[in-house]
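Colleague: structure-v4.txt is reproduced below (compact mmCIF, C-alpha atoms and all ligand atoms).
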```txt
# COMPACT_ATOMS: atom_id res chain seq x y z
CA MET H 1 0.00 0.00 0.00
CA ALA H 2 1.32 3.42 -0.91
CA MET H 3 1.40 6.05 1.85
CA VAL H 4 -0.77 8.38 -0.20
CA GLU H 5 -3.09 7.00 -2.90
CA ILE H 6 -4.81 9.42 -5.23
CA ARG H 7 -7.26 7.90 -7.69
CA ASP H 8 -8.88 9.93 -10.44
CA ALA H 9 -9.27 13.00 -8.23
CA ARG H 10 -11.41 15.75 -9.69
CA LYS H 11 -12.12 19.14 -8.21
CA VAL H 12 -14.67 21.46 -9.70
CA PHE H 13 -14.89 24.79 -7.90
CA ASP H 14 -18.13 26.75 -7.54
CA GLY H 15 -18.43 28.54 -10.82
CA GLY H 16 -17.44 25.44 -12.73
CA PHE H 17 -13.64 25.72 -12.93
CA GLU H 18 -12.08 22.26 -12.97
CA ALA H 19 -8.78 22.56 -11.06
CA LEU H 20 -8.16 18.79 -10.88
CA ARG H 21 -9.16 16.74 -13.90
CA GLY H 22 -8.67 13.12 -12.92
CA ALA H 23 -5.32 13.17 -11.13
CA SER H 24 -3.91 9.80 -10.01
CA LEU H 25 -0.70 9.37 -8.06
CA ASP H 26 0.87 7.03 -5.48
CA ILE H 27 3.35 8.41 -2.97
CA GLU H 28 5.52 5.81 -1.31
CA GLU H 29 6.51 5.79 2.34
CA GLY H 30 9.85 7.48 3.05
CA GLU H 31 10.31 9.12 -0.33
CA ILE H 32 10.69 12.74 -1.30
CA LEU H 33 8.34 13.49 -4.16
CA ALA H 34 8.61 16.84 -5.91
CA LEU H 35 5.34 18.04 -7.42
CA LEU H 36 6.17 20.39 -10.24
CA GLY H 37 3.82 22.42 -12.35
CA PRO H 38 3.36 25.91 -13.75
CA ASN H 39 1.22 28.51 -11.97
CA GLY H 40 -2.38 27.42 -11.67
CA ALA H 41 -1.59 23.79 -12.53
CA GLY H 42 -3.45 22.47 -9.48
CA LYS H 43 -0.61 21.79 -7.03
CA THR H 44 -2.12 23.61 -4.07
CA THR H 45 -5.57 22.20 -4.84
CA LEU H 46 -4.17 18.66 -4.86
CA ILE H 47 -2.27 19.17 -1.61
CA SER H 48 -5.31 20.79 0.01
CA ALA H 49 -7.40 17.79 -1.02
CA ILE H 50 -4.88 15.33 0.45
CA CYS H 51 -4.73 17.35 3.68
CA GLY H 52 -8.51 17.51 3.97
CA ILE H 53 -8.68 21.29 3.53
CA THR H 54 -10.78 20.95 0.40
CA GLN H 55 -12.88 17.96 -0.68
CA PRO H 56 -12.41 16.35 -4.07
CA THR H 57 -15.58 16.52 -6.19
CA SER H 58 -15.02 12.89 -7.23
CA GLY H 59 -12.34 10.23 -7.07
CA THR H 60 -10.66 8.99 -3.90
CA ILE H 61 -7.65 9.98 -1.84
CA ALA H 62 -6.30 7.87 1.01
CA VAL H 63 -3.46 8.56 3.45
CA GLY H 64 -2.07 5.54 5.27
CA GLY H 65 -5.10 3.61 3.98
CA HIS H 66 -7.57 6.13 5.45
CA ASP H 67 -9.95 7.85 3.07
CA VAL H 68 -9.53 11.63 3.46
CA VAL H 69 -13.29 12.21 3.31
CA LYS H 70 -14.87 9.19 5.02
CA ASP H 71 -12.10 8.73 7.56
CA TYR H 72 -11.10 12.37 7.80
CA ARG H 73 -9.69 12.43 11.30
CA ALA H 74 -7.39 9.42 10.94
CA ALA H 75 -6.11 10.67 7.59
CA ARG H 76 -5.56 14.21 8.84
CA ASN H 77 -3.58 12.99 11.86
CA LEU H 78 -1.00 11.43 9.56
CA VAL H 79 -0.37 14.64 7.67
CA GLY H 80 1.64 17.78 8.44
CA LEU H 81 1.40 20.84 6.22
CA VAL H 82 4.02 23.56 5.98
CA PRO H 83 2.29 26.46 4.25
CA GLN H 84 4.01 28.82 1.90
CA GLU H 85 3.08 31.92 3.84
CA VAL H 86 4.43 32.55 7.32
CA ASN H 87 1.26 32.65 9.41
CA LEU H 88 2.64 32.85 12.93
CA GLU H 89 1.58 34.90 15.92
CA PRO H 90 4.39 37.50 16.22
CA PHE H 91 4.26 37.98 20.00
CA GLU H 92 4.05 34.29 20.85
CA LYS H 93 7.11 32.34 21.98
CA VAL H 94 8.50 29.52 19.83
CA TRP H 95 7.85 26.79 22.39
CA LYS H 96 4.23 27.79 22.98
CA THR H 97 3.57 28.12 19.25
CA VAL H 98 4.73 24.57 18.58
CA ARG H 99 3.06 23.11 21.67
CA PHE H 100 -0.24 24.72 20.73
CA SER H 101 -0.14 23.11 17.28
CA ARG H 102 0.09 19.69 18.83
CA GLY H 103 -2.93 20.48 21.00
CA LEU H 104 -4.94 21.40 17.90
CA PHE H 105 -4.78 17.77 16.86
CA GLY H 106 -6.14 16.70 20.20
CA ARG H 107 -2.83 15.05 21.06
CA LYS H 108 -1.59 14.84 24.64
CA PRO H 109 1.37 17.11 25.39
CA ASP H 110 4.69 15.40 24.69
CA ASP H 111 7.45 17.79 25.64
CA ALA H 112 10.17 15.24 24.95
CA LEU H 113 9.00 14.94 21.34
CA LEU H 114 8.79 18.72 20.95
CA GLU H 115 12.30 19.05 22.33
CA ARG H 116 13.57 16.52 19.77
CA ILE H 117 11.85 18.41 16.96
CA LEU H 118 13.20 21.80 18.06
CA ARG H 119 16.72 20.41 18.44
CA LYS H 120 16.56 18.77 15.04
CA LEU H 121 15.58 22.10 13.49
CA SER H 122 18.22 24.03 15.47
CA LEU H 123 15.48 25.92 17.27
CA TRP H 124 16.04 24.61 20.78
CA GLU H 125 18.12 27.61 21.85
CA LYS H 126 15.37 29.86 20.51
CA ARG H 127 12.49 28.17 22.31
CA GLY H 128 11.98 31.17 24.62
CA ALA H 129 12.25 33.76 21.84
CA THR H 130 9.22 35.54 20.43
CA ILE H 131 8.39 34.81 16.80
CA LYS H 132 8.90 38.44 15.78
CA SER H 133 12.51 38.36 16.99
CA LEU H 134 13.40 35.48 14.64
CA SER H 135 15.02 35.71 11.23
CA GLY H 136 13.03 34.68 8.16
CA GLY H 137 14.82 31.33 8.04
CA MET H 138 14.06 30.62 11.69
CA LYS H 139 10.40 31.46 11.13
CA ARG H 140 10.25 28.94 8.32
CA ARG H 141 11.72 26.35 10.62
CA VAL H 142 9.07 27.14 13.21
CA LEU H 143 6.48 26.39 10.51
CA ILE H 144 8.10 22.99 10.01
CA ALA H 145 8.24 22.38 13.77
CA LYS H 146 4.52 23.20 14.01
CA ALA H 147 3.73 20.82 11.17
CA LEU H 148 5.73 18.05 12.87
CA ALA H 149 4.33 18.65 16.36
CA HIS H 150 1.60 16.01 16.10
CA ASP H 151 4.12 13.48 14.76
CA PRO H 152 2.77 13.10 11.20
CA ARG H 153 4.06 10.45 8.80
CA VAL H 154 3.71 12.65 5.73
CA LEU H 155 4.92 16.21 5.45
CA PHE H 156 3.79 18.62 2.73
CA LEU H 157 6.07 21.52 2.00
CA ASP H 158 4.41 24.12 -0.20
CA GLU H 159 7.22 26.07 -1.87
CA PRO H 160 9.48 25.92 1.18
CA THR H 161 12.10 28.27 -0.24
CA ALA H 162 9.99 30.76 -2.21
CA GLY H 163 11.64 34.16 -1.92
CA VAL H 164 14.50 33.10 0.35
CA ASP H 165 18.17 33.74 -0.34
CA VAL H 166 20.54 31.10 -1.66
CA GLU H 167 22.17 30.36 1.69
CA LEU H 168 18.86 29.84 3.42
CA ARG H 169 17.69 27.63 0.56
CA ARG H 170 20.69 25.32 1.03
CA ASP H 171 20.00 25.29 4.74
CA MET H 172 16.40 24.31 4.09
CA TRP H 173 17.53 21.53 1.75
CA ASP H 174 19.71 20.11 4.53
CA THR H 175 16.72 20.19 6.88
CA VAL H 176 14.52 18.37 4.37
CA ALA H 177 17.21 15.74 3.73
CA GLU H 178 17.52 15.22 7.49
CA LEU H 179 13.75 14.71 7.84
CA LYS H 180 13.86 12.12 5.10
CA ARG H 181 16.64 10.27 6.93
CA GLU H 182 14.28 10.10 9.89
CA GLY H 183 11.74 8.33 7.71
CA VAL H 184 9.31 11.19 7.04
CA THR H 185 7.57 11.00 3.66
CA ILE H 186 7.89 14.39 2.02
CA ILE H 187 5.89 16.00 -0.77
CA LEU H 188 7.29 19.25 -1.93
CA THR H 189 5.98 21.76 -4.42
CA THR H 190 8.44 24.14 -5.92
CA HIS H 191 9.02 26.54 -8.76
CA TYR H 192 12.77 26.10 -8.37
CA ILE H 193 13.48 23.12 -10.53
CA GLU H 194 17.00 22.85 -9.15
CA GLU H 195 15.38 22.28 -5.77
CA ALA H 196 13.64 19.19 -7.15
CA GLU H 197 16.88 18.17 -8.81
CA ALA H 198 18.72 18.44 -5.49
CA LEU H 199 16.17 16.79 -3.22
CA ALA H 200 13.63 14.58 -4.91
CA ASP H 201 13.64 10.81 -5.27
CA ARG H 202 10.76 11.07 -7.71
CA VAL H 203 9.27 13.86 -9.73
CA ALA H 204 5.61 14.32 -10.61
CA VAL H 205 4.62 16.92 -13.17
CA ILE H 206 1.11 18.35 -13.01
CA ASN H 207 -0.38 20.61 -15.62
CA ARG H 208 -3.96 21.79 -16.06
CA GLY H 209 -5.20 19.49 -13.32
CA GLN H 210 -3.66 16.30 -14.66
CA ILE H 211 -0.52 14.40 -13.72
CA LEU H 212 1.55 14.32 -16.89
CA LEU H 213 4.34 12.16 -15.55
CA VAL H 214 5.66 10.50 -12.40
CA GLU H 215 9.13 9.08 -12.56
CA ASP H 216 12.28 8.40 -10.63
CA LYS H 217 14.31 11.60 -10.95
CA ASP H 218 17.58 9.99 -11.99
CA ALA H 219 15.83 7.71 -14.48
CA LEU H 220 13.93 10.68 -15.89
CA MET H 221 17.08 12.69 -16.33
CA ALA H 222 18.87 9.75 -17.93
CA ARG H 223 15.91 8.98 -20.21
CA MET H 224 15.15 12.51 -21.31
CA GLY H 225 18.52 14.04 -20.68
CA ARG H 226 20.39 14.93 -23.81
CA LYS H 227 23.88 16.20 -23.99
CA THR H 228 25.24 18.77 -26.33
CA LEU H 229 28.77 18.87 -27.68
CA ARG H 230 29.96 22.24 -28.94
CA ILE H 231 32.90 21.97 -31.28
CA GLU H 232 34.79 25.17 -31.87
CA LEU H 233 36.57 25.19 -35.20
CA ASP H 234 39.93 26.69 -36.05
CA GLU H 235 38.55 28.12 -39.29
CA PRO H 236 34.86 28.89 -39.84
CA VAL H 237 32.99 26.83 -42.43
CA ALA H 238 30.28 28.16 -44.75
CA GLU H 239 28.14 25.05 -44.48
CA ILE H 240 28.15 21.60 -42.94
CA PRO H 241 30.41 19.45 -45.10
CA ALA H 242 28.64 16.65 -46.98
CA GLY H 243 30.75 14.02 -45.19
CA LEU H 244 29.21 15.08 -41.87
CA SER H 245 25.59 15.04 -42.97
CA ASP H 246 24.70 11.96 -40.87
CA TYR H 247 25.22 13.61 -37.52
CA GLY H 248 22.39 16.13 -37.39
CA LEU H 249 24.88 18.91 -36.73
CA ARG H 250 23.96 22.58 -36.38
CA LEU H 251 26.18 25.42 -37.39
CA GLU H 252 26.42 28.37 -35.00
CA ASP H 253 28.46 31.54 -34.43
CA ASP H 254 28.88 32.31 -38.13
CA GLY H 255 30.25 28.87 -38.88
CA ARG H 256 32.76 28.82 -36.04
CA VAL H 257 30.91 26.26 -33.93
CA LEU H 258 29.39 22.90 -34.78
CA VAL H 259 26.79 21.68 -32.32
CA TYR H 260 26.11 17.96 -31.87
CA ASP H 261 23.20 16.69 -29.76
CA TYR H 262 23.48 13.16 -28.49
CA ASP H 263 21.53 10.81 -26.32
CA THR H 264 23.12 10.07 -22.94
CA SER H 265 21.26 6.77 -22.61
CA ALA H 266 22.42 5.45 -26.00
CA GLU H 267 25.12 2.79 -25.98
CA ARG H 268 27.31 4.82 -28.32
CA THR H 269 27.44 8.58 -28.35
CA GLY H 270 28.98 8.73 -31.81
CA ILE H 271 31.54 11.28 -30.65
CA ALA H 272 34.62 9.27 -31.60
CA ARG H 273 33.20 8.60 -35.06
CA LEU H 274 32.31 12.28 -35.47
CA MET H 275 35.81 13.36 -34.50
CA GLY H 276 37.23 10.94 -37.07
CA ALA H 277 34.89 12.32 -39.72
CA LEU H 278 35.92 15.90 -38.90
CA ALA H 279 39.58 14.99 -39.31
CA ALA H 280 38.81 13.23 -42.60
CA GLU H 281 37.18 16.45 -43.83
CA GLY H 282 40.35 18.33 -42.91
CA ILE H 283 38.53 20.35 -40.24
CA VAL H 284 40.74 21.42 -37.35
CA VAL H 285 39.10 21.53 -33.94
CA ARG H 286 40.18 24.30 -31.55
CA ASP H 287 38.12 23.37 -28.50
CA VAL H 288 35.19 21.23 -27.38
CA ALA H 289 32.70 21.61 -24.53
CA THR H 290 29.76 19.50 -23.43
CA SER H 291 26.65 20.48 -21.54
CA GLN H 292 23.73 18.43 -20.28
CA ASN H 293 20.17 19.63 -20.27
CA SER H 294 18.69 20.01 -16.85
CA LEU H 295 15.49 18.90 -15.19
CA GLU H 296 14.32 22.42 -15.97
CA ASP H 297 14.69 21.85 -19.73
CA ILE H 298 12.85 18.54 -19.42
CA PHE H 299 10.07 20.15 -17.38
CA VAL H 300 9.61 23.08 -19.75
CA GLY H 301 9.49 20.66 -22.70
CA LEU H 302 6.86 18.47 -21.04
CA VAL H 303 4.56 21.29 -20.04
CA HIS H 304 4.92 22.94 -23.41
CA ASP H 305 4.16 19.70 -25.29
CA GLY H 306 1.12 19.07 -23.07
CA GLN H 307 -0.27 22.49 -23.93
CA GLU H 308 0.40 22.06 -27.62
CA GLU H 309 -1.57 18.82 -27.63
CA GLU H 310 -4.50 20.69 -26.15
CA GLY H 311 -4.11 23.49 -28.63
CA VAL H 312 -3.43 26.21 -26.09
CA ALA H 313 0.21 26.96 -26.91
N1 LIG A 1 -11.53 28.49 -4.53
C1 LIG A 1 -11.36 28.53 -5.84
N2 LIG A 1 -12.35 28.84 -6.68
C2 LIG A 1 -12.20 28.87 -8.02
N3 LIG A 1 -11.02 28.59 -8.63
C3 LIG A 1 -9.99 28.27 -7.86
C4 LIG A 1 -10.09 28.21 -6.43
N4 LIG A 1 -8.88 27.87 -5.92
C5 LIG A 1 -8.07 27.71 -7.00
N5 LIG A 1 -8.72 27.94 -8.14
C6 LIG A 1 -8.17 27.84 -9.50
O1 LIG A 1 -7.71 26.53 -9.70
C7 LIG A 1 -6.51 26.51 -10.47
C8 LIG A 1 -5.44 25.75 -9.75
O2 LIG A 1 -5.01 26.48 -8.62
P1 LIG A 1 -3.87 26.00 -7.64
O3 LIG A 1 -3.75 27.03 -6.56
O4 LIG A 1 -4.13 24.60 -7.23
O5 LIG A 1 -2.60 26.05 -8.59
P2 LIG A 1 -1.06 25.88 -8.24
O6 LIG A 1 -0.55 24.84 -9.14
O7 LIG A 1 -0.89 25.70 -6.78
O8 LIG A 1 -0.50 27.30 -8.69
P3 LIG A 1 0.70 28.21 -8.09
O9 LIG A 1 1.94 27.60 -8.58
O10 LIG A 1 0.41 29.53 -8.74
O11 LIG A 1 0.55 28.24 -6.60
C9 LIG A 1 -6.16 27.98 -10.72
O12 LIG A 1 -6.59 28.33 -12.02
C10 LIG A 1 -6.95 28.72 -9.68
O13 LIG A 1 -7.31 30.01 -10.15
```
Could you spell out this file's structure in structure tokens?
Ligand SMILES: Nc1ncnc2c1ncn2[C@@H]1O[C@H](COP(=O)(O)OP(=O)(O)OP(=O)(O)O)[C@@H](O)[C@H]1O
Modeller:
Amino acid sequence: MAMVEIRDARKVFDGGFEALRGASLDIEEGEILALLGPNGAGKTTLISAICGITQPTSGTIAVGGHDVVKDYRAARNLVGLVPQEVNLEPFEKVWKTVRFSRGLFGRKPDDALLERILRKLSLWEKRGATIKSLSGGMKRRVLIAKALAHDPRVLFLDEPTAGVDVELRRDMWDTVAELKREGVTIILTTHYIEEAEALADRVAVINRGQILLVEDKDALMARMGRKTLRIELDEPVAEIPAGLSDYGLRLEDDGRVLVYDYDTSAERTGIARLMGALAAEGIVVRDVATSQNSLEDIFVGLVHDGQEEEGVA
């Protein structure tokens, strides 16, 4: 059984807008799943439906085997949600803020657990500080501590590093990796694709209310990842020589650079053969450089293709 099971979830808002159009997805225990999608794709709606904040119009969602509608309480207890916006009481102290969150779930106080959580998030020294005295990064950690206070098995992080500086982002990544080591299942939405690249075990792409793809991140990057070889020539050429016509080369920089795209998953890249063919044509190579397309390129391609199919591009 997957930790979270989403089957054909639809959500039609009052007014008729269909924000989820039959989304299905399994989230496995202990994984970090990055949910990627452009603005308005349905990420927040899907997370809200899993967390019981909004009800799906049809379809089913279960957390730990508990249906989020029929068995609301049991499902909700397994879930912690870290919202995107900092929504903390500025004059409250850290300790009280986190303790109160646990109480909201009707759980008995467990100060030992709260201490462990605050220590893990490097907030223990700040437990007596008021929220307003904390830095932005500390406030975000308090949001995580609050979400963990009732000991959930699944943690949703809605754009955890939106608008934060690079250092804080790295810091946040370390925190998320640490939570995973402790066995927490993590679902993360993000607009920073490099965040998904750095953290996720699997990537799900949602667009226009449908899951376009769910795949192991490394496998996805290997499958869709293409590499590019840029070959800088000693002397520019006017056109691609006939002897090199098999390679799908492109000519750039006024004939000074030949560009060769190749498949990283293919058994042979064809580079050695290409180099031989260049030499046979009497072309002298000055320099070569390779680059690999990123998860971002893959994501943009997927979303773009999906829109083209629906005729909205
Ligand atoms: N209460 C609502 N009533 C009507 N439409 C809504 C409601 N909430 C969301 N929507 C619409 O549903 C669509 C999906 O919204 P959602 O917030 O889930 O997207 P998202 O993927 O989280 O986007 P973002 O990346 O911008 O946060 C959007 O077009 C939004 O305008």
Colleague: What are the nearest atom pairs, with distances in Å to one decimal, for all residues of chain H that come at most 6 Å from ligand LIG 1 (chain A), using all atoms listed in the file, set out by chain and rising residue number as JSON lines?
Modeller:
```
{"residue": "H:Phe13", "atom": "CA", "partner": "A:LIG1", "partner_atom": "C2", "distance": 4.9}
{"residue": "H:Phe17", "atom": "CA", "partner": "A:LIG1", "partner_atom": "N3", "distance": 5.8}
{"residue": "H:Ala19", "atom": "CA", "partner": "A:LIG1", "partner_atom": "O1", "distance": 4.3}
{"residue": "H:Gly37", "atom": "CA", "partner": "A:LIG1", "partner_atom": "O6", "distance": 5.9}
{"residue": "H:Pro38", "atom": "CA", "partner": "A:LIG1", "partner_atom": "O9", "distance": 5.6}
{"residue": "H:Asn39", "atom": "CA", "partner": "A:LIG1", "partner_atom": "O10", "distance": 3.5}
{"residue": "H:Gly40", "atom": "CA", "partner": "A:LIG1", "partner_atom": "O5", "distance": 3.4}
{"residue": "H:Ala41", "atom": "CA", "partner": "A:LIG1", "partner_atom": "O6", "distance": 3.7}
{"residue": "H:Gly42", "atom": "CA", "partner": "A:LIG1", "partner_atom": "O4", "distance": 3.2}
{"residue": "H:Lys43", "atom": "CA", "partner": "A:LIG1", "partner_atom": "O6", "distance": 3.7}
{"residue": "H:Thr44", "atom": "CA", "partner": "A:LIG1", "partner_atom": "O7", "distance": 3.6}
{"residue": "H:Thr45", "atom": "CA", "partner": "A:LIG1", "partner_atom": "O4", "distance": 3.7}
```
Colleague: Give me the residues within 8 Å of His66 (chain H) as a PDB file with C-alpha atoms, keeping the file's coordinate frame, counting only C-alpha atoms and dropping any in the same chain fewer than 6 places off.
Modeller:
```pdb
ATOM      1  CA  TYR H  72     -11.100  12.370   7.800  1.00  0.00           C
ATOM      2  CA  ALA H  74      -7.390   9.420  10.940  1.00  0.00           C
ATOM      3  CA  ALA H  75      -6.110  10.670   7.590  1.00  0.00           C
TER       4      ALA H  75
END
```
Colleague: Check the smallest atom-to-atom distance from each of H:Phe100, H:Phe105, H:Tyr247, H:Tyr260 to Asn77 (chain H) using all atoms listed in the file, then report the winner.
Modeller: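 Closest to Asn77 (chain H), using all atoms listed in the file: H:Phe105.
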Colleague: Pick from H:Thr228, H:Gln84, H:Thr60, H:Thr54: nearest to Thr161 (chain H), with all atoms listed in the file counted?
Modeller: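 With all atoms listed in the file as the atom set, the closest residue is H:Gln84.
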Colleague: So which residues touch Ile193 (chain H) within 7 Å, counting all atoms listed in the file, skipping near sequence neighbours fewer than 3 positions away, as a list in words?
Modeller: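 So the residues in contact are Thr190, Ala196, Glu197, Leu295 and Glu296 of chain H.
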Colleague: Rank H:Pro109, H:Pro160, H:Gly209, H:Pro83 by their smallest atom-to-atom distance to Arg10 (chain H), using only C-alpha atoms, and report the top residue only.
Modeller: H:Gly209
